[in-house]
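Have a look at the structure below, then the notes.
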Number of protein chains: 2
Amino acid sequence: MAADALEELIESLKLLPGVGRKTAQRMAFALLEGERLPAQRLSRALAAAAERIRRCSRCRNYCEDQLCAICRNPQRSAEILCVVESPADLHALEQATGYGGRYFVLHGRLSPLDGVGPAELGLTLLADLLADHPVSEVIVATNPTVEGEATAHFITEIATAGGAQVTRLAHGIPVGGELEYVDRQTLAHAFGGRLKV
Amino acid sequence: MAADALEELIESLKLLPGVGRKTAQRMAFALLEGERLPAQRLSRALAAAAERIRRCSRCRNYCEDQLCAICRNPQRSAEILCVVESPADLHALEQATGYGGRYFVLHGRLSPLDGVGPAELGLTLLADLLADHPVSEVIVATNPTVEGEATAHFITEIATAGGAQVTRLAHGIPVGGELEYVDRQTLAHAFGGRLKV
């Protein structure tokens with residue numbers, strides 16, 4: 001730790017994503033102005049999170065027990081499994097959709113150059129899970145990037161081997177978006193995948 | 001603390017200035033991904049800062065002892081005093097200028113409607129300081145806002161009573177700025193205060 005508590009605070013705040021020197025300084029001064037309770041609360045929350053949060057042994061989502069709240073919930077269907085790249089994606093789907101099935105969190109995407117292969121993404125665990133508890137549908141919700149597509153392809157093979165039907169999230173024009181400003185690939189996808197009214 | 005360590009971490013990160021729900025979520029997930037050392041380091045830095053950092057008894061700058069490093073430094077002239085609104089302003093001046101005198105930090109500006117009067121800004125301490133240790137120059141470096149100007153006026157009276165010469169930071173066109181885009185007031189100031197080459 002640096003000799004100076006203020007300097008160490010600024011350096012530590014720079015560890016947050018998207019926070020540079022200037023922002024870290026502003027945050028540090030704001031935390032020190034007035035009462036110290038916010039800084040203490042954040043300090044405790046960070047320590048508790050670092051110590052207590054781990055991965056669900058079934059779906060690799062963040063949780064504090066052996067199984068996460070979703071895997072423990074008897075109301076959630078064990079018939080459908082949605083595969084996402086990150087806990088943040090899971091969070092986004094939970095907030096936006098009424099999805100009632102379970103998840104599987106990859107914590108990344110296939111990227112051989114960065115040393116991320118099937119093992120790092122827990123795909124053996126996924127294959128075992130699908131073998132032990134066959135599901136009727138696997139929703140592949142990886143991101144529509146090159147690496148996400150490669151990952152999706154891999155998962156599709158595992159899921160098909162397990163006898164599940166595989167679905168992907170629909171591509172198309174964002175709700176509220178204007179045709180004029182939608183990129184070409186998305187527009188081509190939306191046009192090709194047009195639906196009957 | 002919330003039952004859920006992740007939710008509590010997100011809520012606590014929202015205490016940082018300029019951080020909303022979305023950014024807090026992104027920060028929380030980034031801190032949990034991979035090893036936990038950054039979260040632990042930030043936790044310790046926050047706890048240490050909240051516990052150890054207090055105000056210098058002479059200039060009200062942040063420090064960990066009775067006197068701050070600037071007030072303790074025998075190399076810094078005790079003949080000049082620069083009055084700033086916040087420790088952040090002090091920091092900015094220290095980084096940009098070669099100023100070799102001391103500071104006085106107000107921790108705010110006069111704002112009667114918000115309950116900030118001379119007492120909250122430590123102006124009694126400032127008057128006592130100038131009485132006990134007369135200086136030749138007081139640089140008033142408050143911000144050029146309405147409240148900053150009112151505060152500057154007040155400080156000028158105190159400093160003049162103490163027999164010091166009072167100076168203000170120069171207003172003008174920002175270095176690298178273009179005349180065309182400078183606001184009217186600044187341009188009028190710069191024009192009125194033009195200097196001989």
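By order of appearance in the structure tokens: chains A, B, ..., then residues from 1 within every chain, and ligands from 1 in the order shown.
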- Message: I'd like the contact shell of B:Glu8 - 10 Å cut-off, only C-alpha atoms, skipping same-chain residues fewer than 6 positions apart - returned as a PyMOL selection string.
- Response: (chain A and resi 41-42+44-46+48-49) or (chain B and resi 1-2+14+28)
Would you write out those residues with all heavy atoms, as a short mmCIF file (atom, residue, chain, number, x, y, z; two decimals), in the first residue's frame?
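And here is the file that came out, part18.cif:
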```
data_model
loop_
_atom_site.label_atom_id
_atom_site.label_comp_id
_atom_site.auth_asym_id
_atom_site.auth_seq_id
_atom_site.Cartn_x
_atom_site.Cartn_y
_atom_site.Cartn_z
N ARG A 41 -19.29 1.90 3.83
CA ARG A 41 -20.26 0.93 3.32
C ARG A 41 -19.70 0.23 2.08
O ARG A 41 -19.78 -1.00 1.95
CB ARG A 41 -21.57 1.64 2.98
CG ARG A 41 -22.62 0.70 2.44
CD ARG A 41 -23.94 1.37 2.18
NE ARG A 41 -24.79 0.51 1.37
CZ ARG A 41 -25.92 0.88 0.81
NH1 ARG A 41 -26.37 2.11 0.98
NH2 ARG A 41 -26.63 0.04 0.09
N LEU A 42 -19.11 1.01 1.17
CA LEU A 42 -18.54 0.44 -0.05
C LEU A 42 -17.38 -0.50 0.28
O LEU A 42 -17.24 -1.57 -0.31
CB LEU A 42 -18.09 1.56 -1.00
CG LEU A 42 -17.48 1.14 -2.34
CD1 LEU A 42 -18.37 0.16 -3.07
CD2 LEU A 42 -17.22 2.36 -3.20
N ARG A 44 -16.99 -2.27 3.01
CA ARG A 44 -17.54 -3.53 3.55
C ARG A 44 -18.16 -4.38 2.45
O ARG A 44 -17.99 -5.60 2.41
CB ARG A 44 -18.59 -3.22 4.63
CG ARG A 44 -18.01 -2.92 5.99
CD ARG A 44 -19.08 -3.06 7.07
NE ARG A 44 -20.23 -2.22 6.79
CZ ARG A 44 -20.34 -0.94 7.18
NH1 ARG A 44 -19.38 -0.38 7.87
NH2 ARG A 44 -21.43 -0.26 6.89
N ALA A 45 -18.90 -3.72 1.53
CA ALA A 45 -19.56 -4.46 0.45
C ALA A 45 -18.54 -5.16 -0.44
O ALA A 45 -18.75 -6.30 -0.86
CB ALA A 45 -20.43 -3.51 -0.38
N LEU A 46 -17.42 -4.47 -0.71
CA LEU A 46 -16.37 -5.06 -1.54
C LEU A 46 -15.74 -6.26 -0.86
O LEU A 46 -15.52 -7.30 -1.47
CB LEU A 46 -15.30 -4.01 -1.85
CG LEU A 46 -15.65 -2.99 -2.92
CD1 LEU A 46 -14.78 -1.76 -2.78
CD2 LEU A 46 -15.50 -3.59 -4.31
N ALA A 48 -17.04 -8.14 1.50
CA ALA A 48 -18.01 -9.23 1.60
C ALA A 48 -18.18 -9.92 0.25
O ALA A 48 -18.21 -11.15 0.17
CB ALA A 48 -19.36 -8.69 2.09
N ALA A 49 -18.26 -9.13 -0.82
CA ALA A 49 -18.45 -9.71 -2.15
C ALA A 49 -17.23 -10.56 -2.53
O ALA A 49 -17.37 -11.67 -3.04
CB ALA A 49 -18.67 -8.62 -3.18
N MET B 1 -27.12 -4.24 5.77
CA MET B 1 -26.64 -4.79 4.50
C MET B 1 -27.69 -5.71 3.87
O MET B 1 -28.37 -6.45 4.56
CB MET B 1 -25.33 -5.56 4.73
CG MET B 1 -24.72 -6.07 3.44
SD MET B 1 -23.11 -6.86 3.62
CE MET B 1 -22.11 -5.50 4.18
N ALA B 2 -27.83 -5.61 2.57
CA ALA B 2 -28.80 -6.44 1.87
C ALA B 2 -28.42 -7.91 2.02
O ALA B 2 -27.27 -8.25 2.30
CB ALA B 2 -28.82 -6.07 0.39
N LYS B 14 -23.11 2.53 -6.40
CA LYS B 14 -23.93 3.66 -6.84
C LYS B 14 -23.67 4.90 -5.98
O LYS B 14 -24.08 6.00 -6.33
CB LYS B 14 -25.42 3.30 -6.80
CG LYS B 14 -25.87 2.53 -8.03
CD LYS B 14 -27.26 1.97 -7.88
CE LYS B 14 -28.32 3.03 -7.68
NZ LYS B 14 -29.64 2.41 -7.39
N ALA B 28 -19.42 -4.01 -10.78
CA ALA B 28 -19.50 -5.16 -9.87
C ALA B 28 -19.10 -6.44 -10.60
O ALA B 28 -18.28 -7.22 -10.10
CB ALA B 28 -20.92 -5.28 -9.31
#
```
- Excluding same-chain residues fewer than 6 positions from A:Cys82, what lies within 10 Å of it counting only C-alpha atoms, as a PyMOL selection string? chain A and resi 59+90+93+99+101-105+137-142+166-168
- Minimum-distance residue to chain A, chosen among B:Leu106, B:Ala159, B:Ala39, B:Leu123 (using only C-alpha atoms): B:Ala39
Within 8 Å of chain B: residues of chain A, using only C-alpha atoms, as a PDB file with N, CA, C and O atoms, in the first residue's frame:
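Contents of iface-v9.pdb, freshly written:
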```
ATOM      1  N   ALA A   5      -2.636   7.560   2.116  1.00  0.00           N
ATOM      2  CA  ALA A   5      -3.948   6.911   2.014  1.00  0.00           C
ATOM      3  C   ALA A   5      -4.778   7.472   0.866  1.00  0.00           C
ATOM      4  O   ALA A   5      -5.511   6.736   0.206  1.00  0.00           O
ATOM      5  N   LEU A   6      -4.657   8.769   0.613  1.00  0.00           N
ATOM      6  CA  LEU A   6      -5.424   9.382  -0.469  1.00  0.00           C
ATOM      7  C   LEU A   6      -4.937   8.883  -1.827  1.00  0.00           C
ATOM      8  O   LEU A   6      -5.736   8.509  -2.690  1.00  0.00           O
ATOM      9  N   GLU A   8      -3.352   6.112  -2.439  1.00  0.00           N
ATOM     10  CA  GLU A   8      -3.697   4.697  -2.565  1.00  0.00           C
ATOM     11  C   GLU A   8      -5.174   4.535  -2.921  1.00  0.00           C
ATOM     12  O   GLU A   8      -5.547   3.663  -3.710  1.00  0.00           O
ATOM     13  N   LEU A   9      -6.030   5.405  -2.366  1.00  0.00           N
ATOM     14  CA  LEU A   9      -7.455   5.346  -2.691  1.00  0.00           C
ATOM     15  C   LEU A   9      -7.673   5.657  -4.166  1.00  0.00           C
ATOM     16  O   LEU A   9      -8.416   4.963  -4.865  1.00  0.00           O
ATOM     17  N   SER A  12      -6.488   2.780  -6.268  1.00  0.00           N
ATOM     18  CA  SER A  12      -7.393   1.632  -6.168  1.00  0.00           C
ATOM     19  C   SER A  12      -8.672   1.865  -6.953  1.00  0.00           C
ATOM     20  O   SER A  12      -9.224   0.932  -7.550  1.00  0.00           O
ATOM     21  N   LEU A  13      -9.166   3.106  -6.955  1.00  0.00           N
ATOM     22  CA  LEU A  13     -10.391   3.401  -7.705  1.00  0.00           C
ATOM     23  C   LEU A  13     -10.157   3.248  -9.204  1.00  0.00           C
ATOM     24  O   LEU A  13     -11.076   2.936  -9.957  1.00  0.00           O
ATOM     25  N   LEU A  15      -8.823   0.870 -10.528  1.00  0.00           N
ATOM     26  CA  LEU A  15      -9.021  -0.537 -10.865  1.00  0.00           C
ATOM     27  C   LEU A  15     -10.433  -0.778 -11.403  1.00  0.00           C
ATOM     28  O   LEU A  15     -10.698  -1.795 -12.043  1.00  0.00           O
ATOM     29  N   LEU A  16     -11.349   0.154 -11.138  1.00  0.00           N
ATOM     30  CA  LEU A  16     -12.717   0.001 -11.637  1.00  0.00           C
ATOM     31  C   LEU A  16     -12.721   0.219 -13.148  1.00  0.00           C
ATOM     32  O   LEU A  16     -11.982   1.054 -13.656  1.00  0.00           O
ATOM     33  N   PRO A  17     -13.569  -0.539 -13.880  1.00  0.00           N
ATOM     34  CA  PRO A  17     -13.565  -0.397 -15.336  1.00  0.00           C
ATOM     35  C   PRO A  17     -14.052   0.983 -15.755  1.00  0.00           C
ATOM     36  O   PRO A  17     -15.012   1.515 -15.194  1.00  0.00           O
ATOM     37  N   GLN A  25      -9.801  10.555  -9.066  1.00  0.00           N
ATOM     38  CA  GLN A  25      -9.595  11.700  -8.165  1.00  0.00           C
ATOM     39  C   GLN A  25     -10.927  12.285  -7.729  1.00  0.00           C
ATOM     40  O   GLN A  25     -11.163  12.546  -6.554  1.00  0.00           O
ATOM     41  N   ARG A  26     -11.816  12.471  -8.724  1.00  0.00           N
ATOM     42  CA  ARG A  26     -13.123  13.057  -8.415  1.00  0.00           C
ATOM     43  C   ARG A  26     -13.888  12.166  -7.436  1.00  0.00           C
ATOM     44  O   ARG A  26     -14.506  12.643  -6.480  1.00  0.00           O
ATOM     45  N   MET A  27     -13.834  10.844  -7.661  1.00  0.00           N
ATOM     46  CA  MET A  27     -14.521   9.901  -6.772  1.00  0.00           C
ATOM     47  C   MET A  27     -13.935   9.960  -5.368  1.00  0.00           C
ATOM     48  O   MET A  27     -14.661   9.972  -4.377  1.00  0.00           O
ATOM     49  N   PHE A  29     -12.266  12.386  -3.838  1.00  0.00           N
ATOM     50  CA  PHE A  29     -12.595  13.618  -3.130  1.00  0.00           C
ATOM     51  C   PHE A  29     -14.064  13.640  -2.720  1.00  0.00           C
ATOM     52  O   PHE A  29     -14.410  14.121  -1.645  1.00  0.00           O
ATOM     53  N   ALA A  30     -14.933  13.094  -3.589  1.00  0.00           N
ATOM     54  CA  ALA A  30     -16.360  13.056  -3.250  1.00  0.00           C
ATOM     55  C   ALA A  30     -16.601  12.142  -2.048  1.00  0.00           C
ATOM     56  O   ALA A  30     -17.426  12.439  -1.182  1.00  0.00           O
ATOM     57  N   LEU A  31     -15.876  11.022  -1.984  1.00  0.00           N
ATOM     58  CA  LEU A  31     -16.063  10.090  -0.870  1.00  0.00           C
ATOM     59  C   LEU A  31     -15.555  10.677   0.441  1.00  0.00           C
ATOM     60  O   LEU A  31     -16.064  10.346   1.515  1.00  0.00           O
ATOM     61  N   LEU A  32     -14.542  11.540   0.348  1.00  0.00           N
ATOM     62  CA  LEU A  32     -13.964  12.094   1.581  1.00  0.00           C
ATOM     63  C   LEU A  32     -14.735  13.311   2.077  1.00  0.00           C
ATOM     64  O   LEU A  32     -14.706  13.624   3.274  1.00  0.00           O
ATOM     65  N   GLU A  33     -15.420  13.988   1.148  1.00  0.00           N
ATOM     66  CA  GLU A  33     -16.192  15.172   1.539  1.00  0.00           C
ATOM     67  C   GLU A  33     -17.349  14.722   2.439  1.00  0.00           C
ATOM     68  O   GLU A  33     -18.006  13.734   2.159  1.00  0.00           O
ATOM     69  N   ARG A  36     -18.191   9.901   6.415  1.00  0.00           N
ATOM     70  CA  ARG A  36     -17.405   8.802   5.850  1.00  0.00           C
ATOM     71  C   ARG A  36     -18.210   7.523   5.649  1.00  0.00           C
ATOM     72  O   ARG A  36     -17.663   6.492   5.289  1.00  0.00           O
ATOM     73  N   PRO A  38     -20.486   6.473   3.385  1.00  0.00           N
ATOM     74  CA  PRO A  38     -20.491   5.824   2.066  1.00  0.00           C
ATOM     75  C   PRO A  38     -19.208   5.047   1.792  1.00  0.00           C
ATOM     76  O   PRO A  38     -19.259   3.913   1.296  1.00  0.00           O
ATOM     77  N   ALA A  39     -18.060   5.631   2.141  1.00  0.00           N
ATOM     78  CA  ALA A  39     -16.783   4.940   1.910  1.00  0.00           C
ATOM     79  C   ALA A  39     -16.714   3.660   2.724  1.00  0.00           C
ATOM     80  O   ALA A  39     -16.263   2.619   2.243  1.00  0.00           O
ATOM     81  N   GLN A  40     -17.189   3.727   3.965  1.00  0.00           N
ATOM     82  CA  GLN A  40     -17.154   2.534   4.816  1.00  0.00           C
ATOM     83  C   GLN A  40     -18.105   1.461   4.299  1.00  0.00           C
ATOM     84  O   GLN A  40     -17.783   0.276   4.295  1.00  0.00           O
ATOM     85  N   ARG A  41     -19.289   1.898   3.826  1.00  0.00           N
ATOM     86  CA  ARG A  41     -20.256   0.926   3.316  1.00  0.00           C
ATOM     87  C   ARG A  41     -19.703   0.226   2.076  1.00  0.00           C
ATOM     88  O   ARG A  41     -19.784  -0.996   1.945  1.00  0.00           O
ATOM     89  N   LEU A  42     -19.107   1.014   1.165  1.00  0.00           N
ATOM     90  CA  LEU A  42     -18.543   0.436  -0.051  1.00  0.00           C
ATOM     91  C   LEU A  42     -17.380  -0.498   0.279  1.00  0.00           C
ATOM     92  O   LEU A  42     -17.244  -1.574  -0.312  1.00  0.00           O
ATOM     93  N   SER A  43     -16.575  -0.104   1.252  1.00  0.00           N
ATOM     94  CA  SER A  43     -15.456  -0.948   1.682  1.00  0.00           C
ATOM     95  C   SER A  43     -15.956  -2.310   2.174  1.00  0.00           C
ATOM     96  O   SER A  43     -15.446  -3.356   1.787  1.00  0.00           O
ATOM     97  N   ARG A  44     -16.990  -2.273   3.014  1.00  0.00           N
ATOM     98  CA  ARG A  44     -17.538  -3.531   3.548  1.00  0.00           C
ATOM     99  C   ARG A  44     -18.163  -4.379   2.450  1.00  0.00           C
ATOM    100  O   ARG A  44     -17.995  -5.598   2.415  1.00  0.00           O
ATOM    101  N   ALA A  45     -18.899  -3.718   1.534  1.00  0.00           N
ATOM    102  CA  ALA A  45     -19.563  -4.456   0.449  1.00  0.00           C
ATOM    103  C   ALA A  45     -18.543  -5.162  -0.438  1.00  0.00           C
ATOM    104  O   ALA A  45     -18.752  -6.296  -0.864  1.00  0.00           O
ATOM    105  N   LEU A  46     -17.425  -4.474  -0.714  1.00  0.00           N
ATOM    106  CA  LEU A  46     -16.371  -5.060  -1.544  1.00  0.00           C
ATOM    107  C   LEU A  46     -15.738  -6.259  -0.858  1.00  0.00           C
ATOM    108  O   LEU A  46     -15.520  -7.301  -1.474  1.00  0.00           O
ATOM    109  N   ALA A  47     -15.445  -6.101   0.429  1.00  0.00           N
ATOM    110  CA  ALA A  47     -14.821  -7.202   1.166  1.00  0.00           C
ATOM    111  C   ALA A  47     -15.759  -8.401   1.224  1.00  0.00           C
ATOM    112  O   ALA A  47     -15.345  -9.541   0.991  1.00  0.00           O
ATOM    113  N   ALA A  48     -17.036  -8.140   1.499  1.00  0.00           N
ATOM    114  CA  ALA A  48     -18.013  -9.230   1.597  1.00  0.00           C
ATOM    115  C   ALA A  48     -18.181  -9.922   0.252  1.00  0.00           C
ATOM    116  O   ALA A  48     -18.209 -11.152   0.171  1.00  0.00           O
ATOM    117  N   ALA A  49     -18.263  -9.131  -0.819  1.00  0.00           N
ATOM    118  CA  ALA A  49     -18.445  -9.712  -2.149  1.00  0.00           C
ATOM    119  C   ALA A  49     -17.234 -10.557  -2.533  1.00  0.00           C
ATOM    120  O   ALA A  49     -17.372 -11.671  -3.037  1.00  0.00           O
ATOM    121  N   ALA A  50     -16.025 -10.019  -2.275  1.00  0.00           N
ATOM    122  CA  ALA A  50     -14.803 -10.749  -2.635  1.00  0.00           C
ATOM    123  C   ALA A  50     -14.719 -12.057  -1.869  1.00  0.00           C
ATOM    124  O   ALA A  50     -14.233 -13.064  -2.377  1.00  0.00           O
ATOM    125  N   ARG A  52     -17.454 -13.749  -0.231  1.00  0.00           N
ATOM    126  CA  ARG A  52     -18.606 -14.650  -0.226  1.00  0.00           C
ATOM    127  C   ARG A  52     -19.093 -15.107  -1.592  1.00  0.00           C
ATOM    128  O   ARG A  52     -19.653 -16.198  -1.723  1.00  0.00           O
ATOM    129  N   ILE A  53     -18.914 -14.253  -2.624  1.00  0.00           N
ATOM    130  CA  ILE A  53     -19.520 -14.607  -3.914  1.00  0.00           C
ATOM    131  C   ILE A  53     -18.669 -15.635  -4.664  1.00  0.00           C
ATOM    132  O   ILE A  53     -17.478 -15.464  -4.841  1.00  0.00           O
ATOM    133  N   GLU A  64     -23.938 -17.198  -3.378  1.00  0.00           N
ATOM    134  CA  GLU A  64     -23.191 -17.312  -2.132  1.00  0.00           C
ATOM    135  C   GLU A  64     -23.276 -18.707  -1.534  1.00  0.00           C
ATOM    136  O   GLU A  64     -22.713 -18.970  -0.490  1.00  0.00           O
ATOM    137  N   PRO A  87     -22.501 -13.302 -16.345  1.00  0.00           N
ATOM    138  CA  PRO A  87     -23.564 -13.028 -15.376  1.00  0.00           C
ATOM    139  C   PRO A  87     -24.307 -11.730 -15.709  1.00  0.00           C
ATOM    140  O   PRO A  87     -25.491 -11.604 -15.426  1.00  0.00           O
ATOM    141  N   ALA A  88     -23.607 -10.781 -16.345  1.00  0.00           N
ATOM    142  CA  ALA A  88     -24.261  -9.522 -16.711  1.00  0.00           C
ATOM    143  C   ALA A  88     -25.343  -9.778 -17.765  1.00  0.00           C
ATOM    144  O   ALA A  88     -26.417  -9.164 -17.718  1.00  0.00           O
ATOM    145  N   HIS A 107     -18.938 -17.495 -18.647  1.00  0.00           N
ATOM    146  CA  HIS A 107     -17.865 -16.602 -18.176  1.00  0.00           C
ATOM    147  C   HIS A 107     -16.821 -16.398 -19.264  1.00  0.00           C
ATOM    148  O   HIS A 107     -15.624 -16.559 -19.038  1.00  0.00           O
TER     149      HIS A 107
END
```
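Residues in contact with B:Gln66 at up to 9 Å, not including ones fewer than 5 positions away on its chain and judged by only C-alpha atoms, are Arg54, Arg55, Cys56, Ser57 and Arg58 of chain B.
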Residues as selected, N, CA and C atoms, written as a JSON list (two decimals), in the first residue's frame, can you do that?
```
[["chain", "number", "residue", "atom", "x", "y", "z"],
["B", 54, "ARG", "N", -7.93, 13.09, 7.46],
["B", 54, "ARG", "CA", -8.66, 14.17, 8.11],
["B", 54, "ARG", "C", -8.14, 15.50, 7.58],
["B", 55, "ARG", "N", -8.61, 16.60, 8.18],
["B", 55, "ARG", "CA", -8.20, 17.91, 7.66],
["B", 55, "ARG", "C", -7.02, 18.46, 8.42],
["B", 56, "CYS", "N", -6.09, 19.06, 7.68],
["B", 56, "CYS", "CA", -4.93, 19.73, 8.26],
["B", 56, "CYS", "C", -5.44, 20.82, 9.21],
["B", 57, "SER", "N", -4.87, 20.91, 10.38],
["B", 57, "SER", "CA", -5.38, 21.87, 11.37],
["B", 57, "SER", "C", -5.07, 23.31, 10.98],
["B", 58, "ARG", "N", -4.13, 23.48, 10.02],
["B", 58, "ARG", "CA", -3.80, 24.84, 9.62],
["B", 58, "ARG", "C", -4.52, 25.26, 8.33]]
```
- Distance of atom CA of B:Gly163 from atom CA of B:His189, expressed in Å to one decimal place: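 Separation of atom CA of B:His189 and atom CA of B:Gly163: 27.7 Å.
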- Output as a ChimeraX atom specification all residues of stretch 38-181 of chain A that backbone DSSP marks as alpha helix (DSSP H). /A:38-52,69-72,87-96,123-132,146-161
- Item | Length of the atom CA of A:Gln185 to atom CA of A:Ile173 vector [Å] | 10.3 Å
- Message: Env of B:Gly162: 7 Å cut, atoms = only C-alpha atoms, seq-sep filter 5 positions within chain, self excluded. Answer as a PyMOL selection string.
- Response: chain B and resi 130-131+134
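When DSSP is run on the backbone, the residues of stretch 61-91 of chain B that fall into strand (DSSP E) are Tyr62, Cys63, Ile80, Leu81, Cys82, Val83 and Val84 of chain B.
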Could the residues in this selection be written to a file with N, CA, C and O atoms, as a compact mmCIF listing (two decimals), in the first residue's frame?
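selection.txt written:
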```
# COMPACT_ATOMS: atom_id res chain seq x y z
N TYR B 62 -6.64 17.80 2.98
CA TYR B 62 -6.67 16.44 3.50
C TYR B 62 -5.28 15.98 3.87
O TYR B 62 -4.31 16.24 3.14
N CYS B 63 -5.14 15.31 4.99
CA CYS B 63 -3.86 14.74 5.38
C CYS B 63 -4.11 13.68 6.43
O CYS B 63 -5.26 13.44 6.82
N ILE B 80 3.00 33.55 1.04
CA ILE B 80 1.87 33.58 0.10
C ILE B 80 0.86 32.51 0.49
O ILE B 80 1.23 31.38 0.83
N LEU B 81 -0.42 32.85 0.43
CA LEU B 81 -1.48 31.90 0.76
C LEU B 81 -2.48 31.88 -0.39
O LEU B 81 -2.97 32.93 -0.81
N CYS B 82 -2.76 30.69 -0.89
CA CYS B 82 -3.72 30.55 -1.99
C CYS B 82 -4.99 29.90 -1.45
O CYS B 82 -4.94 28.80 -0.89
N VAL B 83 -6.12 30.59 -1.60
CA VAL B 83 -7.38 30.09 -1.05
C VAL B 83 -8.18 29.39 -2.15
O VAL B 83 -8.49 29.99 -3.17
N VAL B 84 -8.48 28.10 -1.93
CA VAL B 84 -9.22 27.32 -2.93
C VAL B 84 -10.50 26.77 -2.33
O VAL B 84 -10.62 26.64 -1.11
```
- Task: Could you please determine the separation between atom CA of B:Leu110 and atom CA of B:Ala164 in Å, to one decimal place?
- Result: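 Separating atom CA of B:Leu110 from atom CA of B:Ala164 is a distance of 21.5 Å.
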- Task: Tell me which of B:Ala96, B:Leu113, B:Cys71, B:Leu169 sits closest to B:Glu147, counting only C-alpha atoms.
- Result: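 Closest to B:Glu147 of all the choices is B:Leu113.
By chain and then residue number, the residues within 12 Å of B:Pro112 are Gly108, Arg109, Gly115, Val116, Gly117, Pro118, Ala119, Glu120, Leu121, Glu147, Ala150 and Thr151 of chain B, counting only C-alpha atoms and disregarding those fewer than 3 positions away in sequence.
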